[in-house]
$ cat structure08.pdb   # PDB, C-alpha atoms, pLDDT in the B column
ATOM      1  CA  ARG A  13      14.564 -14.826 -23.751  1.00 57.00           C
ATOM      2  CA  ARG A  14      13.674 -18.484 -23.914  1.00 67.00           C
ATOM      3  CA  ASP A  15      17.249 -19.740 -23.928  1.00 80.00           C
ATOM      4  CA  GLU A  16      18.439 -17.680 -20.960  1.00 83.00           C
ATOM      5  CA  PHE A  17      18.621 -19.116 -17.449  1.00 87.00           C
ATOM      6  CA  TRP A  18      18.970 -17.196 -14.204  1.00 89.00           C
ATOM      7  CA  SER A  19      18.902 -17.966 -10.523  1.00 92.00           C
ATOM      8  CA  ALA A  20      19.457 -16.065  -7.275  1.00 92.00           C
ATOM      9  CA  ARG A  21      21.866 -17.665  -4.808  1.00 92.00           C
ATOM     10  CA  CYS A  22      23.581 -16.790  -1.583  1.00 92.00           C
ATOM     11  CA  ILE A  23      27.338 -17.279  -1.710  1.00 90.00           C
ATOM     12  CA  TYR A  24      29.874 -16.577   0.986  1.00 91.00           C
ATOM     13  CA  ARG A  25      32.937 -14.420   0.652  1.00 88.00           C
ATOM     14  CA  PRO A  26      36.255 -15.547   2.178  1.00 92.00           C
ATOM     15  CA  ASP A  27      35.473 -13.408   5.265  1.00 93.00           C
ATOM     16  CA  ALA A  28      32.239 -15.481   5.721  1.00 89.00           C
ATOM     17  CA  ALA A  29      29.996 -12.519   4.791  1.00 89.00           C
ATOM     18  CA  ALA A  30      26.903 -13.520   2.811  1.00 89.00           C
ATOM     19  CA  LEU A  31      26.561 -12.122  -0.698  1.00 91.00           C
ATOM     20  CA  TRP A  32      23.379 -12.544  -2.735  1.00 93.00           C
ATOM     21  CA  VAL A  33      24.005 -12.809  -6.465  1.00 93.00           C
ATOM     22  CA  ARG A  34      21.896 -13.228  -9.538  1.00 93.00           C
ATOM     23  CA  ILE A  35      23.537 -15.721 -11.876  1.00 92.00           C
ATOM     24  CA  SER A  36      22.516 -15.426 -15.531  1.00 93.00           C
ATOM     25  CA  VAL A  37      23.571 -17.890 -18.199  1.00 93.00           C
ATOM     26  CA  ARG A  38      22.947 -17.233 -21.866  1.00 91.00           C
ATOM     27  CA  PRO A  39      24.182 -19.065 -24.962  1.00 90.00           C
ATOM     28  CA  SER A  40      26.235 -17.005 -27.398  1.00 88.00           C
ATOM     29  CA  GLY A  41      27.200 -18.966 -30.461  1.00 88.00           C
ATOM     30  CA  ASP A  42      29.110 -22.018 -29.257  1.00 90.00           C
ATOM     31  CA  GLN A  43      29.856 -20.440 -25.840  1.00 91.00           C
ATOM     32  CA  LEU A  44      27.936 -19.757 -22.673  1.00 90.00           C
ATOM     33  CA  LEU A  45      28.013 -16.272 -21.186  1.00 92.00           C
ATOM     34  CA  VAL A  46      27.763 -16.211 -17.404  1.00 92.00           C
ATOM     35  CA  TYR A  47      26.947 -12.990 -15.538  1.00 91.00           C
ATOM     36  CA  LEU A  48      27.025 -12.400 -11.796  1.00 90.00           C
ATOM     37  CA  GLU A  49      25.141  -9.441 -10.347  1.00 93.00           C
ATOM     38  CA  ASP A  50      25.285  -8.442  -6.682  1.00 92.00           C
ATOM     39  CA  ILE A  51      21.658  -8.219  -5.474  1.00 93.00           C
ATOM     40  CA  SER A  52      22.429  -8.106  -1.740  1.00 91.00           C
ATOM     41  CA  GLU A  53      21.001  -4.607  -1.250  1.00 92.00           C
ATOM     42  CA  TYR A  54      17.844  -5.584  -3.125  1.00 90.00           C
ATOM     43  CA  LYS A  55      17.418  -8.653  -0.892  1.00 90.00           C
ATOM     44  CA  ARG A  56      17.977  -6.568   2.281  1.00 89.00           C
ATOM     45  CA  SER A  57      15.423  -3.999   1.109  1.00 88.00           C
ATOM     46  CA  ARG A  58      12.843  -6.696   0.328  1.00 88.00           C
ATOM     47  CA  GLU A  59      13.333  -8.334   3.722  1.00 87.00           C
ATOM     48  CA  SER A  60      13.062  -4.975   5.483  1.00 84.00           C
ATOM     49  CA  LEU A  61       9.842  -4.251   3.581  1.00 82.00           C
ATOM     50  CA  ARG A  62       8.389  -7.657   4.537  1.00 84.00           C
ATOM     51  CA  ALA A  63       9.229  -7.043   8.191  1.00 81.00           C
ATOM     52  CA  SER A  64       7.642  -3.566   8.089  1.00 77.00           C
ATOM     53  CA  GLU A  65       4.504  -4.939   6.450  1.00 77.00           C
ATOM     54  CA  SER A  66       4.259  -7.640   9.112  1.00 77.00           C
ATOM     55  CA  ARG A  67       4.556  -5.081  11.914  1.00 76.00           C
ATOM     56  CA  LEU A  68       1.906  -2.919  10.242  1.00 71.00           C
ATOM     57  CA  ASP A  69      -0.444  -5.892   9.868  1.00 73.00           C
ATOM     58  CA  VAL A  70      -0.083  -6.714  13.565  1.00 68.00           C
ATOM     59  CA  ALA A  71      -0.680  -3.091  14.624  1.00 69.00           C
ATOM     60  CA  ILE A  72      -3.764  -2.779  12.416  1.00 69.00           C
ATOM     61  CA  ALA A  73      -5.200  -6.080  13.643  1.00 69.00           C
ATOM     62  CA  ALA A  74      -4.446  -5.319  17.313  1.00 62.00           C
ATOM     63  CA  ASN A  75      -6.257  -1.989  17.085  1.00 71.00           C
ATOM     64  CA  SER A  76      -9.146  -3.326  14.971  1.00 72.00           C
ATOM     65  CA  LEU A  77      -8.553  -0.696  12.297  1.00 82.00           C
ATOM     66  CA  SER A  78     -10.296  -0.558   8.945  1.00 85.00           C
ATOM     67  CA  MET A  79      -7.568   0.429   6.472  1.00 88.00           C
ATOM     68  CA  TRP A  80      -7.492   1.641   2.878  1.00 90.00           C
ATOM     69  CA  ASP A  81      -4.480   2.224   0.610  1.00 91.00           C
ATOM     70  CA  TRP A  82      -5.071   4.367  -2.489  1.00 92.00           C
ATOM     71  CA  ASN A  83      -2.726   4.201  -5.508  1.00 94.00           C
ATOM     72  CA  VAL A  84      -3.607   7.633  -6.906  1.00 94.00           C
ATOM     73  CA  PRO A  85      -2.224   7.413 -10.494  1.00 95.00           C
ATOM     74  CA  LEU A  86      -4.015   4.091 -11.096  1.00 93.00           C
ATOM     75  CA  ASP A  87      -7.019   5.075  -8.938  1.00 89.00           C
ATOM     76  CA  GLU A  88      -6.857   1.665  -7.270  1.00 90.00           C
ATOM     77  CA  ILE A  89      -7.807   1.225  -3.625  1.00 89.00           C
ATOM     78  CA  TYR A  90      -6.912  -1.721  -1.412  1.00 89.00           C
ATOM     79  CA  TYR A  91      -9.089  -2.386   1.663  1.00 87.00           C
ATOM     80  CA  ASN A  92      -8.326  -4.749   4.514  1.00 85.00           C
ATOM     81  CA  GLU A  93     -11.026  -7.169   5.630  1.00 81.00           C
ATOM     82  CA  ARG A  94     -11.917  -5.205   8.796  1.00 83.00           C
ATOM     83  CA  TRP A  95     -14.520  -3.190   6.815  1.00 80.00           C
ATOM     84  CA  GLN A  96     -16.811  -6.211   6.931  1.00 78.00           C
ATOM     85  CA  GLN A  97     -16.924  -6.087  10.755  1.00 80.00           C
ATOM     86  CA  SER A  98     -16.814  -2.345  11.363  1.00 81.00           C
ATOM     87  CA  LEU A  99     -19.310  -1.120   8.776  1.00 81.00           C
ATOM     88  CA  GLU A 100     -20.848  -4.373   7.558  1.00 83.00           C
ATOM     89  CA  ILE A 101     -19.584  -3.532   4.067  1.00 82.00           C
ATOM     90  CA  ASP A 102     -17.785  -5.919   1.761  1.00 80.00           C
ATOM     91  CA  PRO A 103     -14.734  -4.033   0.470  1.00 78.00           C
ATOM     92  CA  ARG A 104     -15.661  -5.064  -3.089  1.00 79.00           C
ATOM     93  CA  GLN A 105     -18.837  -2.981  -2.708  1.00 82.00           C
ATOM     94  CA  LEU A 106     -16.741   0.072  -1.834  1.00 80.00           C
ATOM     95  CA  LEU A 107     -14.808  -0.295  -5.079  1.00 79.00           C
ATOM     96  CA  GLN A 108     -18.050   0.001  -7.045  1.00 82.00           C
ATOM     97  CA  ARG A 109     -18.825   3.458  -5.670  1.00 83.00           C
ATOM     98  CA  GLN A 110     -18.376   6.272  -8.186  1.00 81.00           C
ATOM     99  CA  GLU A 111     -17.444   9.132  -5.848  1.00 85.00           C
ATOM    100  CA  LEU A 112     -14.006   9.064  -4.243  1.00 83.00           C
ATOM    101  CA  SER A 113     -15.449  10.253  -0.934  1.00 83.00           C
ATOM    102  CA  GLY A 114     -17.727   7.208  -0.959  1.00 84.00           C
ATOM    103  CA  ARG A 115     -14.867   4.841  -1.715  1.00 86.00           C
ATOM    104  CA  LEU A 116     -12.735   6.372   1.081  1.00 85.00           C
ATOM    105  CA  LEU A 117     -15.704   6.490   3.502  1.00 84.00           C
ATOM    106  CA  LEU A 118     -15.625  10.262   3.910  1.00 88.00           C
ATOM    107  CA  PRO A 119     -18.974  11.830   4.853  1.00 88.00           C
ATOM    108  CA  GLU A 120     -20.212  13.646   1.746  1.00 85.00           C
ATOM    109  CA  ASP A 121     -22.662  15.735   3.800  1.00 88.00           C
ATOM    110  CA  GLN A 122     -19.867  17.331   5.885  1.00 92.00           C
ATOM    111  CA  PRO A 123     -17.880  19.692   3.632  1.00 92.00           C
ATOM    112  CA  GLU A 124     -15.523  20.702   6.459  1.00 95.00           C
ATOM    113  CA  ILE A 125     -14.270  17.106   6.713  1.00 94.00           C
ATOM    114  CA  LEU A 126     -13.894  16.819   2.950  1.00 93.00           C
ATOM    115  CA  GLN A 127     -11.915  20.096   3.039  1.00 94.00           C
ATOM    116  CA  LYS A 128      -9.595  18.701   5.725  1.00 95.00           C
ATOM    117  CA  PHE A 129      -8.918  15.698   3.482  1.00 94.00           C
ATOM    118  CA  GLU A 130      -8.310  17.985   0.486  1.00 94.00           C
ATOM    119  CA  ASP A 131      -5.862  20.056   2.567  1.00 95.00           C
ATOM    120  CA  ASP A 132      -3.763  16.976   3.293  1.00 94.00           C
ATOM    121  CA  TYR A 133      -4.066  15.695  -0.265  1.00 95.00           C
ATOM    122  CA  HIS A 134      -2.737  18.972  -1.667  1.00 95.00           C
ATOM    123  CA  GLY A 135       0.047  19.222   0.918  1.00 95.00           C
ATOM    124  CA  ARG A 136      -1.361  22.101   2.951  1.00 96.00           C
ATOM    125  CA  THR A 137      -1.320  19.924   6.103  1.00 95.00           C
ATOM    126  CA  SER A 138       0.803  16.978   7.223  1.00 94.00           C
ATOM    127  CA  HIS A 139      -2.121  14.582   7.656  1.00 95.00           C
ATOM    128  CA  PHE A 140      -5.888  14.245   7.789  1.00 96.00           C
ATOM    129  CA  SER A 141      -7.753  13.393  10.979  1.00 95.00           C
ATOM    130  CA  ALA A 142     -11.422  13.716  11.838  1.00 95.00           C
ATOM    131  CA  ASP A 143     -14.219  12.205  13.915  1.00 94.00           C
ATOM    132  CA  TYR A 144     -17.514  11.507  12.172  1.00 93.00           C
ATOM    133  CA  ALA A 145     -20.459   9.148  11.998  1.00 91.00           C
ATOM    134  CA  LEU A 146     -21.284   6.691   9.235  1.00 88.00           C
ATOM    135  CA  GLN A 147     -24.332   4.552   8.733  1.00 85.00           C
ATOM    136  CA  THR A 148     -24.175   0.806   8.142  1.00 84.00           C
ATOM    137  CA  PRO A 149     -26.343  -0.752   5.428  1.00 84.00           C
ATOM    138  CA  ARG A 150     -28.766  -1.836   8.204  1.00 87.00           C
ATOM    139  CA  GLY A 151     -29.187   1.802   9.281  1.00 88.00           C
ATOM    140  CA  VAL A 152     -27.060   1.672  12.455  1.00 89.00           C
ATOM    141  CA  THR A 153     -25.054   4.875  12.999  1.00 90.00           C
ATOM    142  CA  LYS A 154     -21.479   4.335  14.202  1.00 90.00           C
ATOM    143  CA  ARG A 155     -18.821   6.896  15.146  1.00 92.00           C
ATOM    144  CA  PHE A 156     -15.303   6.679  13.778  1.00 91.00           C
ATOM    145  CA  GLU A 157     -11.943   8.356  14.158  1.00 93.00           C
ATOM    146  CA  ALA A 158     -10.309   8.690  10.762  1.00 93.00           C
ATOM    147  CA  TYR A 159      -6.661   9.301   9.977  1.00 94.00           C
ATOM    148  CA  ALA A 160      -5.011   9.500   6.562  1.00 94.00           C
ATOM    149  CA  ARG A 161      -1.764  10.724   5.111  1.00 95.00           C
ATOM    150  CA  VAL A 162      -0.153  11.087   1.713  1.00 95.00           C
ATOM    151  CA  VAL A 163       2.766   8.688   2.052  1.00 93.00           C
ATOM    152  CA  ARG A 164       4.342   9.295  -1.362  1.00 94.00           C
ATOM    153  CA  ARG A 165       4.455  12.210  -3.777  1.00 95.00           C
ATOM    154  CA  ASP A 166       6.123  12.710  -7.134  1.00 95.00           C
ATOM    155  CA  ARG A 167       8.832  15.319  -7.762  1.00 94.00           C
ATOM    156  CA  ASP A 168       6.186  17.967  -8.368  1.00 94.00           C
ATOM    157  CA  GLY A 169       4.460  17.223  -5.063  1.00 93.00           C
ATOM    158  CA  LYS A 170       1.474  15.429  -6.593  1.00 95.00           C
ATOM    159  CA  PRO A 171       0.158  12.573  -4.434  1.00 96.00           C
ATOM    160  CA  LEU A 172       1.022   9.058  -5.590  1.00 96.00           C
ATOM    161  CA  ARG A 173      -0.145   7.044  -2.598  1.00 94.00           C
ATOM    162  CA  VAL A 174      -2.490   7.832   0.304  1.00 94.00           C
ATOM    163  CA  VAL A 175      -3.133   5.518   3.247  1.00 92.00           C
ATOM    164  CA  GLY A 176      -5.959   5.876   5.751  1.00 91.00           C
ATOM    165  CA  VAL A 177      -7.533   4.099   8.708  1.00 90.00           C
ATOM    166  CA  LEU A 178     -10.881   4.224  10.494  1.00 89.00           C
ATOM    167  CA  ASN A 179     -11.193   3.260  14.132  1.00 88.00           C
ATOM    168  CA  ASP A 180     -14.551   2.472  15.773  1.00 85.00           C
ATOM    169  CA  VAL A 181     -15.120   4.738  18.788  1.00 82.00           C
TER     170      VAL A 181
END
$ encode --input "structure08.pdb" --output "structure tokens"
Amino acid sequence: RRDEFWSARCIYRPDAAALWVRISVRPSGDQLLVYLEDISEYKRSRESLRASESRLDVAIAANSLSMWDWNVPLDEIYYNERWQQSLEIDPRQLLQRQELSGRLLLPEDQPEILQKFEDDYHGRTSHFSADYALQTPRGVTKRFEAYARVVRRDRDGKPLRVVGVLNDV
């Protein structure tokens, strides 16, 4: 609503413990309604998530990993920038590929590797790992170790999010 105002603030209880609250103010006739909502757990969760993401970024960078993160229901894939160095491929080019195996850099000519990925995707294994070669656009063949795992499923066990990495060997 246009006439509603809200702000998040940290206040301190008498015992000096910090409490994050969302303060909402909304006109109601000739009065103002003020609501306070405890958002401390939300703030802790967000900070924990930021810290985890930072640790993951450092680990991926330190190991020179090419990473992808697939949002299955939306069929959206995020790629880190390492793809440019490892395979000389701009991640935006990967998004234009029609076949999922091409977008996830799985070798289409090796059905046993595709089957291993399918086994993880459908929950028959705990993760996917494989060694295989890929060719750069300039025709150079490079070997990679691949690892992927379904990191979130719905209540029926259908994959919602899959994350994978490729490491130059």
$ closest_residue --input "structure08.pdb" --among "A:Phe17, A:Leu99, A:Asn92, A:Tyr24" --to "Pro149 of chain A" --atoms "all atoms listed in the file"
A:Leu99
$ closest_residue --input "structure08.pdb" --among "A:Arg38, A:Val84, A:Ala142, A:Leu116" --to "Asp166 of chain A" --atoms "all atoms listed in the file"
A:Val84
$ residues_around --input "structure08.pdb" --residues "Lys128 of chain A" --least-positions-apart "3" --cutoff "10 Å" --atoms "only C-alpha atoms" --output "list in words"
Pro123, Glu124, Ile125, Asp131, Asp132, Tyr133, Arg136, Thr137, His139, Phe140, Ser141 and Ala142 of chain A
$ closest_residue --input "structure08.pdb" --among "A:Val152, A:Ala20, A:Leu77, A:Leu126" --to "Asp50 of chain A" --atoms "all atoms listed in the file"
A:Ala20
$ closest_residue --input "structure08.pdb" --among "A:Glu16, A:Asp121, A:Glu88, A:Glu53" --to "Trp32 of chain A" --atoms "all atoms listed in the file"
A:Glu53
$ closest_residue --input "structure08.pdb" --among "A:Arg165, A:Pro103, A:Arg94, A:Asp42" --to "Asp69 of chain A" --atoms "only C-alpha atoms"
A:Arg94
$ resolve_selection --input "structure08.pdb" --expression "the PyMOL selection byres ((chain A and resi 91) around 9)" --output "ChimeraX atom specification"
/A:78-82,89-90,92-95,103-104,106
$ atom_distance --input "structure08.pdb" --atom1 "atom CA of Lys154 of chain A" --atom2 "atom CA of Leu68 of chain A"
24.8 Å
$ atom_distance --input "structure08.pdb" --atom1 "atom CA of Tyr159 of chain A" --atom2 "atom CA of Leu61 of chain A"
22.3 Å
$ atom_distance --input "structure08.pdb" --atom1 "atom CA of Tyr47 of chain A" --atom2 "atom CA of Ser19 of chain A"
10.7 Å
$ resolve_selection --input "structure08.pdb" --expression "the PyMOL selection byres ((chain A and resi 51) around 8)" --output "list in words"
Leu31, Trp32, Val33, Arg34, Glu49, Asp50, Ser52, Glu53, Tyr54 and Lys55 of chain A
$ residues_near_point --input "structure08.pdb" --point "(5.4, 8.5, 1.7)" --cutoff "10 Å" --atoms "all atoms listed in the file" --output "ChimeraX atom specification"
/A:161-166,171-175
$ write_last_selection --input "structure08.pdb" --atoms "C-alpha atoms" --output "PDB file, keeping the file's coordinate frame"
ATOM      1  CA  ARG A 161      -1.764  10.724   5.111  1.00 95.00           C
ATOM      2  CA  VAL A 162      -0.153  11.087   1.713  1.00 95.00           C
ATOM      3  CA  VAL A 163       2.766   8.688   2.052  1.00 93.00           C
ATOM      4  CA  ARG A 164       4.342   9.295  -1.362  1.00 94.00           C
ATOM      5  CA  ARG A 165       4.455  12.210  -3.777  1.00 95.00           C
ATOM      6  CA  ASP A 166       6.123  12.710  -7.134  1.00 95.00           C
ATOM      7  CA  PRO A 171       0.158  12.573  -4.434  1.00 96.00           C
ATOM      8  CA  LEU A 172       1.022   9.058  -5.590  1.00 96.00           C
ATOM      9  CA  ARG A 173      -0.145   7.044  -2.598  1.00 94.00           C
ATOM     10  CA  VAL A 174      -2.490   7.832   0.304  1.00 94.00           C
ATOM     11  CA  VAL A 175      -3.133   5.518   3.247  1.00 92.00           C
TER      12      VAL A 175
END
$ closest_residue --input "structure08.pdb" --among "A:Leu45, A:Ile23, A:Leu118, A:Leu146" --to "Gly176 of chain A" --atoms "all atoms listed in the file"
A:Leu118
$ residues_around --input "structure08.pdb" --residues "Asp143 of chain A" --least-positions-apart "3" --cutoff "10 Å" --atoms "all atoms listed in the file" --output "count of residues only"
10
$ decode --input "structure08.pdb" --residues "segment 78-154 of chain A" --atoms "C-alpha atoms" --output "mmCIF file, in the first residue's frame"
data_model
loop_
_atom_site.group_PDB
_atom_site.id
_atom_site.type_symbol
_atom_site.label_atom_id
_atom_site.label_comp_id
_atom_site.auth_asym_id
_atom_site.auth_seq_id
_atom_site.Cartn_x
_atom_site.Cartn_y
_atom_site.Cartn_z
ATOM 1 C CA SER A 78 33.540 -24.394 -13.058
ATOM 2 C CA MET A 79 30.148 -24.472 -11.324
ATOM 3 C CA TRP A 80 26.534 -24.642 -12.467
ATOM 4 C CA ASP A 81 23.348 -24.368 -10.387
ATOM 5 C CA TRP A 82 20.135 -25.613 -12.021
ATOM 6 C CA ASN A 83 16.696 -24.461 -10.798
ATOM 7 C CA VAL A 84 14.750 -27.430 -12.179
ATOM 8 C CA PRO A 85 11.124 -26.137 -12.050
ATOM 9 C CA LEU A 86 12.096 -22.911 -13.853
ATOM 10 C CA ASP A 87 14.738 -24.657 -16.003
ATOM 11 C CA GLU A 88 17.155 -21.833 -15.212
ATOM 12 C CA ILE A 89 20.879 -22.479 -14.897
ATOM 13 C CA TYR A 90 23.420 -20.199 -13.247
ATOM 14 C CA TYR A 91 27.089 -20.557 -14.271
ATOM 15 C CA ASN A 92 30.084 -19.021 -12.551
ATOM 16 C CA GLU A 93 32.647 -17.195 -14.669
ATOM 17 C CA ARG A 94 35.242 -20.010 -14.517
ATOM 18 C CA TRP A 95 33.724 -21.580 -17.678
ATOM 19 C CA GLN A 96 35.422 -18.874 -19.724
ATOM 20 C CA GLN A 97 38.877 -20.051 -18.575
ATOM 21 C CA SER A 98 38.335 -23.799 -18.367
ATOM 22 C CA LEU A 99 36.459 -24.437 -21.607
ATOM 23 C CA GLU A 100 36.773 -21.090 -23.376
ATOM 24 C CA ILE A 101 32.975 -20.850 -23.354
ATOM 25 C CA ASP A 102 30.983 -17.802 -22.355
ATOM 26 C CA PRO A 103 28.300 -19.044 -19.949
ATOM 27 C CA ARG A 104 25.675 -17.142 -21.971
ATOM 28 C CA GLN A 105 26.457 -19.465 -24.896
ATOM 29 C CA LEU A 106 25.708 -22.488 -22.709
ATOM 30 C CA LEU A 107 22.256 -21.109 -21.944
ATOM 31 C CA GLN A 108 21.444 -21.079 -25.659
ATOM 32 C CA ARG A 109 21.961 -24.826 -26.027
ATOM 33 C CA GLN A 110 18.749 -26.802 -26.505
ATOM 34 C CA GLU A 111 19.753 -30.122 -24.929
ATOM 35 C CA LEU A 112 20.112 -30.259 -21.153
ATOM 36 C CA SER A 113 23.232 -32.409 -21.456
ATOM 37 C CA GLY A 114 24.804 -29.640 -23.535
ATOM 38 C CA ARG A 115 23.864 -26.963 -21.024
ATOM 39 C CA LEU A 116 25.269 -29.050 -18.130
ATOM 40 C CA LEU A 117 28.383 -30.035 -20.137
ATOM 41 C CA LEU A 118 27.661 -33.759 -20.026
ATOM 42 C CA PRO A 119 29.153 -35.755 -22.916
ATOM 43 C CA GLU A 120 26.233 -36.730 -25.155
ATOM 44 C CA ASP A 121 28.291 -39.468 -26.845
ATOM 45 C CA GLN A 122 28.821 -41.377 -23.561
ATOM 46 C CA PRO A 123 25.477 -42.884 -22.490
ATOM 47 C CA GLU A 124 26.985 -44.464 -19.360
ATOM 48 C CA ILE A 125 27.824 -40.998 -18.000
ATOM 49 C CA LEU A 126 24.385 -39.664 -18.878
ATOM 50 C CA GLN A 127 22.900 -42.693 -17.065
ATOM 51 C CA LYS A 128 24.971 -41.931 -13.955
ATOM 52 C CA PHE A 129 23.573 -38.388 -13.977
ATOM 53 C CA GLU A 130 20.026 -39.716 -14.449
ATOM 54 C CA ASP A 131 20.530 -42.103 -11.507
ATOM 55 C CA ASP A 132 21.377 -39.202 -9.207
ATOM 56 C CA TYR A 133 18.622 -37.018 -10.632
ATOM 57 C CA HIS A 134 16.002 -39.683 -9.925
ATOM 58 C CA GLY A 135 17.366 -40.439 -6.452
ATOM 59 C CA ARG A 136 18.846 -43.856 -7.184
ATOM 60 C CA THR A 137 22.295 -42.631 -6.052
ATOM 61 C CA SER A 138 23.452 -39.966 -3.603
ATOM 62 C CA HIS A 139 25.463 -37.991 -6.158
ATOM 63 C CA PHE A 140 26.895 -37.967 -9.661
ATOM 64 C CA SER A 141 30.620 -38.155 -10.348
ATOM 65 C CA ALA A 142 32.490 -38.957 -13.536
ATOM 66 C CA ASP A 143 35.696 -38.273 -15.452
ATOM 67 C CA TYR A 144 35.384 -37.354 -19.119
ATOM 68 C CA ALA A 145 36.843 -35.250 -21.895
ATOM 69 C CA LEU A 146 35.307 -32.192 -23.520
ATOM 70 C CA GLN A 147 36.442 -30.214 -26.507
ATOM 71 C CA THR A 148 36.915 -26.449 -26.456
ATOM 72 C CA PRO A 149 35.603 -24.361 -29.358
ATOM 73 C CA ARG A 150 39.199 -24.252 -30.702
ATOM 74 C CA GLY A 151 39.281 -28.066 -30.838
ATOM 75 C CA VAL A 152 41.499 -28.665 -27.781
ATOM 76 C CA THR A 153 40.438 -31.747 -25.792
ATOM 77 C CA LYS A 154 40.522 -31.310 -22.007
#
